[in-house]
Amino acid sequence: MPNIDQLKVKLFADGADLKSMLALYRDPKIKGFTTNPTLMNKVGITDYESFAKEVLAAIPDHPLSFEVFADDLPSMLAQAKMIASWGPNVNVKIPITNTKGEFTGPIIKKLAGAGVQLNITAIMTLEQVKDVAENLSPETPAIVSVFAGRIADTGLDPMPIMRECVKILENLPKAELLWASPRELLNIIQADEVGCHIITATPDVLGKLKLLEKDLTEFSLETVQMFYNDAEAAGYTINIA
């Protein structure tokens with residue numbers, strides 16, 4: 001089991017709570033941040049642009065991904081250009097399709113060709129990764145976000161898929177594969193093992209990094225102690241007389 005310093009995969013934090021983001025920004029292990037409209041809505045953000053600019057002012061030197069939310073390609077393109085103008089460390093998130101299932105390749109190609117740093121999101125198949133790769137520019141940095149956690153939610157092992165994704169992107173030197181939607185600390189180890197460049201994780205998953213190299217006998221005893229303490233605190237009794 002590697003320790004945190006042996007991991008090659010870059011750790012990004014996924015969320016939209018500014019206080020949490022700033023705390024993680026002070027952690028040298030965290031190399032970037034991702035968010036999305038769902039996370040922003042969940043914490044009650046109502047002004048998308050103001051929030052994004054507040055985050056960018058506070059975190060000016062780490063990659064930050066902000067997503068378009070229009071649903072037709074021309075409007076998505078216009079939003080992407082505006083979001084890109086907010087800062088040099090912005091990666092504009094473009095979903096792989098709109099809600100009608102229309103592939104966003106045409107705008108990915110235009111934006112990448114214009115030098116806009118992208119984060120292509122909501123990807124779940126090898127065919128989608130191949131389609132994205134065909135529309136990226138080898139000169140423009142891009143993140144390709146494959147939702148390995150959601151793939152695993154369907155009962156499929158994401159590891160072979162992610163290994164193949166690494167191969168697909170080999171000829172794009174500035175494209176980075178991101179393992180999205182991890183569910184547990186093990187996923188960070190798996191992302192590192194298959195050669196993912198980045199994994200983005202919520203603070204609760206990142207908080208488990210301290211468990212790397214944890215002695216399992218000690219962990220077992222701590223678990224027994226937890227059960228005992230909680231039973232005592234609840235005042236549980238069993239009449240064995």
# chains A, B, ... in the order shown; residues from 1 in each chain; ligands from 1
$ residues_around --residues "A:Ile108" --least-positions-apart "5" --cutoff "8 Å" --atoms "only C-alpha atoms" --output "PyMOL selection string"
chain A and resi 94+118+132+135-136
$ residues_around --residues "stretch 138-142 of chain A" --least-positions-apart "6" --cutoff "8 Å" --atoms "only C-alpha atoms" --output "list in words"
Asn91, Ala112, Gly113, Gly115, Val116, Gln117, Leu118, Asn119, Ile120, Asn171, Leu172, Pro173, Lys174, Ala175 and Glu176 of chain A
$ write_last_selection --atoms "N, CA, C and O atoms" --output "mmCIF file, in the first residue's frame"
data_model
loop_
_atom_site.group_PDB
_atom_site.id
_atom_site.type_symbol
_atom_site.label_atom_id
_atom_site.label_comp_id
_atom_site.auth_asym_id
_atom_site.auth_seq_id
_atom_site.Cartn_x
_atom_site.Cartn_y
_atom_site.Cartn_z
ATOM 1 N N ASN A 91 -10.701 25.703 -16.235
ATOM 2 C CA ASN A 91 -11.035 24.665 -17.208
ATOM 3 C C ASN A 91 -12.546 24.706 -17.392
ATOM 4 O O ASN A 91 -13.293 24.550 -16.421
ATOM 5 N N ALA A 112 -11.182 23.935 -28.200
ATOM 6 C CA ALA A 112 -9.807 23.436 -28.069
ATOM 7 C C ALA A 112 -8.913 24.070 -29.127
ATOM 8 O O ALA A 112 -7.765 24.437 -28.848
ATOM 9 N N GLY A 113 -9.442 24.218 -30.335
ATOM 10 C CA GLY A 113 -8.669 24.850 -31.398
ATOM 11 C C GLY A 113 -8.359 26.300 -31.123
ATOM 12 O O GLY A 113 -7.353 26.832 -31.610
ATOM 13 N N GLY A 115 -7.694 27.376 -28.155
ATOM 14 C CA GLY A 115 -6.831 27.438 -26.978
ATOM 15 C C GLY A 115 -7.555 27.458 -25.650
ATOM 16 O O GLY A 115 -6.939 27.726 -24.611
ATOM 17 N N VAL A 116 -8.854 27.157 -25.639
ATOM 18 C CA VAL A 116 -9.612 27.136 -24.387
ATOM 19 C C VAL A 116 -9.364 25.817 -23.661
ATOM 20 O O VAL A 116 -9.550 24.737 -24.230
ATOM 21 N N GLN A 117 -8.966 25.914 -22.406
ATOM 22 C CA GLN A 117 -8.732 24.722 -21.588
ATOM 23 C C GLN A 117 -10.074 24.125 -21.174
ATOM 24 O O GLN A 117 -10.904 24.807 -20.572
ATOM 25 N N LEU A 118 -10.267 22.866 -21.484
ATOM 26 C CA LEU A 118 -11.560 22.221 -21.272
ATOM 27 C C LEU A 118 -11.482 21.117 -20.225
ATOM 28 O O LEU A 118 -10.410 20.611 -19.899
ATOM 29 N N ASN A 119 -12.656 20.762 -19.723
ATOM 30 C CA ASN A 119 -12.839 19.574 -18.905
ATOM 31 C C ASN A 119 -14.098 18.912 -19.457
ATOM 32 O O ASN A 119 -15.205 19.384 -19.216
ATOM 33 N N ILE A 120 -13.921 17.865 -20.244
ATOM 34 C CA ILE A 120 -15.058 17.170 -20.838
ATOM 35 C C ILE A 120 -15.604 16.204 -19.800
ATOM 36 O O ILE A 120 -14.881 15.331 -19.317
ATOM 37 N N ASN A 171 -1.693 9.850 -27.398
ATOM 38 C CA ASN A 171 -1.196 10.733 -28.458
ATOM 39 C C ASN A 171 -1.602 12.192 -28.269
ATOM 40 O O ASN A 171 -1.379 13.012 -29.164
ATOM 41 N N LEU A 172 -2.195 12.491 -27.132
ATOM 42 C CA LEU A 172 -2.562 13.872 -26.791
ATOM 43 C C LEU A 172 -1.768 14.265 -25.548
ATOM 44 O O LEU A 172 -2.231 14.077 -24.423
ATOM 45 N N PRO A 173 -0.583 14.810 -25.734
ATOM 46 C CA PRO A 173 0.321 15.038 -24.602
ATOM 47 C C PRO A 173 -0.199 16.008 -23.550
ATOM 48 O O PRO A 173 0.260 15.976 -22.408
ATOM 49 N N LYS A 174 -1.162 16.850 -23.913
ATOM 50 C CA LYS A 174 -1.680 17.818 -22.945
ATOM 51 C C LYS A 174 -3.060 17.447 -22.423
ATOM 52 O O LYS A 174 -3.678 18.223 -21.693
ATOM 53 N N ALA A 175 -3.527 16.256 -22.767
ATOM 54 C CA ALA A 175 -4.806 15.767 -22.246
ATOM 55 C C ALA A 175 -4.553 14.905 -21.012
ATOM 56 O O ALA A 175 -3.657 14.069 -20.999
ATOM 57 N N GLU A 176 -5.350 15.116 -19.975
ATOM 58 C CA GLU A 176 -5.206 14.373 -18.724
ATOM 59 C C GLU A 176 -6.495 13.619 -18.440
ATOM 60 O O GLU A 176 -7.594 14.181 -18.516
#
$ select_by_dssp --residues "stretch 17-152 of chain A" --states "strand (DSSP E or B)" --output "PyMOL selection string"
chain A and resi 30-34+64-67+90-95+97+103+118-123+142-146
$ write_last_selection --atoms "C-alpha atoms" --output "mmCIF file, in the first residue's frame"
data_model
loop_
_atom_site.group_PDB
_atom_site.id
_atom_site.type_symbol
_atom_site.label_atom_id
_atom_site.label_comp_id
_atom_site.auth_asym_id
_atom_site.auth_seq_id
_atom_site.Cartn_x
_atom_site.Cartn_y
_atom_site.Cartn_z
ATOM 1 C CA ILE A 30 -4.546 19.244 -3.294
ATOM 2 C CA LYS A 31 -3.561 20.355 -6.793
ATOM 3 C CA GLY A 32 -6.879 21.578 -8.206
ATOM 4 C CA PHE A 33 -10.642 21.862 -7.819
ATOM 5 C CA THR A 34 -13.770 20.774 -9.669
ATOM 6 C CA LEU A 64 -10.603 25.247 -11.346
ATOM 7 C CA SER A 65 -13.368 23.660 -13.419
ATOM 8 C CA PHE A 66 -16.676 25.458 -13.981
ATOM 9 C CA GLU A 67 -19.400 23.963 -16.149
ATOM 10 C CA VAL A 90 -10.161 27.957 -15.545
ATOM 11 C CA ASN A 91 -11.035 24.665 -17.208
ATOM 12 C CA VAL A 92 -14.427 24.991 -18.876
ATOM 13 C CA LYS A 93 -16.523 21.889 -18.252
ATOM 14 C CA ILE A 94 -18.430 20.709 -21.310
ATOM 15 C CA PRO A 95 -20.736 17.685 -20.902
ATOM 16 C CA THR A 97 -23.728 15.470 -24.757
ATOM 17 C CA PHE A 103 -22.565 14.961 -29.003
ATOM 18 C CA LEU A 118 -11.560 22.221 -21.272
ATOM 19 C CA ASN A 119 -12.839 19.574 -18.905
ATOM 20 C CA ILE A 120 -15.058 17.170 -20.838
ATOM 21 C CA THR A 121 -17.420 15.669 -18.285
ATOM 22 C CA ALA A 122 -20.042 12.947 -17.703
ATOM 23 C CA ILE A 123 -18.119 10.430 -19.850
ATOM 24 C CA ALA A 142 -7.671 19.399 -21.504
ATOM 25 C CA ILE A 143 -9.130 17.159 -18.822
ATOM 26 C CA VAL A 144 -11.136 14.092 -19.835
ATOM 27 C CA SER A 145 -13.410 13.181 -16.924
ATOM 28 C CA VAL A 146 -14.567 9.574 -16.908
#
$ closest_residue --among "A:Glu127, A:Ser137, A:Glu49, A:Val55" --to "A:Leu18" --atoms "only C-alpha atoms"
A:Val55
$ closest_residue --among "A:Ile189, A:Arg183, A:Met76, A:Gly235" --to "A:Pro203" --atoms "only C-alpha atoms"
A:Arg183
$ closest_residue --among "A:Lys19, A:Lys29, A:Lys81, A:Lys100" --to "A:Leu209" --atoms "only C-alpha atoms"
A:Lys29
$ residues_around --residues "A:Lys8" --least-positions-apart "2" --cutoff "8 Å" --atoms "only C-alpha atoms" --output "PyMOL selection string"
chain A and resi 6+10+192+197
$ write_last_selection --atoms "C-alpha atoms" --output "PDB file, in the first residue's frame"
ATOM      1  CA  GLN A   6       4.249   7.830  -3.387  1.00  0.00           C
ATOM      2  CA  LYS A  10      -2.910  14.395  -8.777  1.00  0.00           C
ATOM      3  CA  ASP A 192      -2.961   5.786  -9.397  1.00  0.00           C
ATOM      4  CA  HIS A 197      -3.396  11.767 -14.242  1.00  0.00           C
TER       5      HIS A 197
END
$ atom_distance --atom1 "atom CA of A:Ile168" --atom2 "atom CA of A:Gly149"
19.6 Å
$ closest_residue --among "A:Ala201, A:Val194, A:Ile107, A:Leu39" --to "A:Asp72" --atoms "only C-alpha atoms"
A:Ile107
$ decode --residues "stretch 56-72 of chain A" --atoms "all heavy atoms" --output "tab-separated table (two decimals), in the first residue's frame"
chain	number	residue	atom	x	y	z
A	56	LEU	N	-12.32	32.10	-7.80
A	56	LEU	CA	-11.13	32.39	-8.59
A	56	LEU	C	-10.27	33.46	-7.95
A	56	LEU	O	-9.03	33.41	-8.04
A	56	LEU	CB	-11.53	32.80	-10.01
A	56	LEU	CG	-12.03	31.65	-10.89
A	56	LEU	CD1	-12.80	32.18	-12.08
A	56	LEU	CD2	-10.85	30.79	-11.35
A	57	ALA	N	-10.89	34.42	-7.29
A	57	ALA	CA	-10.11	35.45	-6.60
A	57	ALA	C	-9.37	34.86	-5.40
A	57	ALA	O	-8.24	35.27	-5.10
A	57	ALA	CB	-11.04	36.57	-6.14
A	58	ALA	N	-9.99	33.88	-4.75
A	58	ALA	CA	-9.38	33.27	-3.56
A	58	ALA	C	-8.37	32.18	-3.93
A	58	ALA	O	-7.44	31.91	-3.17
A	58	ALA	CB	-10.47	32.68	-2.67
A	59	ILE	N	-8.57	31.54	-5.10
A	59	ILE	CA	-7.70	30.44	-5.53
A	59	ILE	C	-7.22	30.75	-6.94
A	59	ILE	O	-7.74	30.23	-7.93
A	59	ILE	CB	-8.45	29.09	-5.48
A	59	ILE	CG1	-9.05	28.85	-4.09
A	59	ILE	CG2	-7.52	27.94	-5.86
A	59	ILE	CD1	-9.91	27.59	-3.98
A	60	PRO	N	-6.22	31.61	-7.07
A	60	PRO	CA	-5.81	32.07	-8.40
A	60	PRO	C	-4.79	31.20	-9.11
A	60	PRO	O	-4.50	31.44	-10.29
A	60	PRO	CB	-5.21	33.46	-8.10
A	60	PRO	CG	-4.62	33.30	-6.74
A	60	PRO	CD	-5.55	32.36	-5.99
A	61	ASP	N	-4.26	30.20	-8.42
A	61	ASP	CA	-3.11	29.48	-8.97
A	61	ASP	C	-3.28	27.96	-8.99
A	61	ASP	O	-2.30	27.23	-9.14
A	61	ASP	CB	-1.84	29.84	-8.19
A	61	ASP	CG	-1.98	29.59	-6.70
A	61	ASP	OD1	-3.08	29.21	-6.25
A	61	ASP	OD2	-0.99	29.78	-5.98
A	62	HIS	N	-4.51	27.47	-8.86
A	62	HIS	CA	-4.82	26.05	-9.00
A	62	HIS	C	-5.86	25.91	-10.11
A	62	HIS	O	-6.72	26.79	-10.26
A	62	HIS	CB	-5.41	25.46	-7.72
A	62	HIS	CG	-4.40	25.17	-6.65
A	62	HIS	ND1	-3.21	25.84	-6.52
A	62	HIS	CD2	-4.40	24.25	-5.64
A	62	HIS	CE1	-2.53	25.37	-5.48
A	62	HIS	NE2	-3.23	24.39	-4.94
A	63	PRO	N	-5.83	24.81	-10.87
A	63	PRO	CA	-6.88	24.60	-11.87
A	63	PRO	C	-8.26	24.55	-11.21
A	63	PRO	O	-8.44	23.90	-10.17
A	63	PRO	CB	-6.52	23.25	-12.48
A	63	PRO	CG	-5.08	23.06	-12.19
A	63	PRO	CD	-4.82	23.74	-10.88
A	64	LEU	N	-9.22	25.22	-11.83
A	64	LEU	CA	-10.60	25.25	-11.35
A	64	LEU	C	-11.54	24.98	-12.51
A	64	LEU	O	-11.44	25.63	-13.55
A	64	LEU	CB	-10.93	26.62	-10.74
A	64	LEU	CG	-10.41	26.89	-9.33
A	64	LEU	CD1	-10.25	28.37	-9.08
A	64	LEU	CD2	-11.38	26.30	-8.30
A	65	SER	N	-12.44	24.01	-12.34
A	65	SER	CA	-13.37	23.66	-13.42
A	65	SER	C	-14.76	24.20	-13.11
A	65	SER	O	-15.33	23.91	-12.05
A	65	SER	CB	-13.44	22.14	-13.58
A	65	SER	OG	-12.25	21.62	-14.11
A	66	PHE	N	-15.31	24.96	-14.07
A	66	PHE	CA	-16.68	25.46	-13.98
A	66	PHE	C	-17.42	25.05	-15.24
A	66	PHE	O	-16.89	25.15	-16.35
A	66	PHE	CB	-16.70	26.98	-13.81
A	66	PHE	CG	-16.13	27.45	-12.51
A	66	PHE	CD1	-14.86	28.00	-12.45
A	66	PHE	CD2	-16.86	27.32	-11.34
A	66	PHE	CE1	-14.33	28.43	-11.25
A	66	PHE	CE2	-16.32	27.74	-10.13
A	66	PHE	CZ	-15.06	28.30	-10.08
A	67	GLU	N	-18.66	24.62	-15.07
A	67	GLU	CA	-19.40	23.96	-16.15
A	67	GLU	C	-20.41	24.88	-16.83
A	67	GLU	O	-21.08	25.69	-16.15
A	67	GLU	CB	-20.13	22.74	-15.57
A	67	GLU	CG	-20.79	21.86	-16.61
A	67	GLU	CD	-21.23	20.53	-16.01
A	67	GLU	OE1	-20.75	20.17	-14.92
A	67	GLU	OE2	-22.04	19.86	-16.66
A	68	VAL	N	-20.55	24.72	-18.13
A	68	VAL	CA	-21.65	25.37	-18.84
A	68	VAL	C	-22.95	24.66	-18.44
A	68	VAL	O	-22.93	23.50	-18.04
A	68	VAL	CB	-21.46	25.32	-20.37
A	68	VAL	CG1	-20.16	25.97	-20.78
A	68	VAL	CG2	-21.52	23.88	-20.88
A	69	PHE	N	-24.06	25.38	-18.56
A	69	PHE	CA	-25.33	24.75	-18.20
A	69	PHE	C	-26.42	24.99	-19.26
A	69	PHE	O	-27.58	24.63	-19.06
A	69	PHE	CB	-25.82	25.21	-16.82
A	69	PHE	CG	-25.74	26.69	-16.60
A	69	PHE	CD1	-26.76	27.53	-17.02
A	69	PHE	CD2	-24.63	27.26	-15.99
A	69	PHE	CE1	-26.69	28.90	-16.83
A	69	PHE	CE2	-24.54	28.62	-15.79
A	69	PHE	CZ	-25.58	29.45	-16.21
A	70	ALA	N	-26.06	25.62	-20.37
A	70	ALA	CA	-26.98	25.73	-21.50
A	70	ALA	C	-27.19	24.34	-22.10
A	70	ALA	O	-26.42	23.41	-21.84
A	70	ALA	CB	-26.42	26.69	-22.55
A	71	ASP	N	-28.23	24.20	-22.93
A	71	ASP	CA	-28.54	22.88	-23.45
A	71	ASP	C	-28.51	22.80	-24.97
A	71	ASP	O	-28.69	21.71	-25.53
A	71	ASP	CB	-29.91	22.41	-22.93
A	71	ASP	CG	-30.10	20.91	-23.06
A	71	ASP	OD1	-29.13	20.16	-22.77
A	71	ASP	OD2	-31.20	20.48	-23.45
A	72	ASP	N	-28.29	23.90	-25.66
A	72	ASP	CA	-28.09	23.85	-27.10
A	72	ASP	C	-26.65	24.25	-27.40
A	72	ASP	O	-26.05	25.05	-26.67
A	72	ASP	CB	-29.07	24.77	-27.84
A	72	ASP	CG	-28.84	26.24	-27.49
A	72	ASP	OD1	-29.41	26.69	-26.48
A	72	ASP	OD2	-28.08	26.92	-28.21
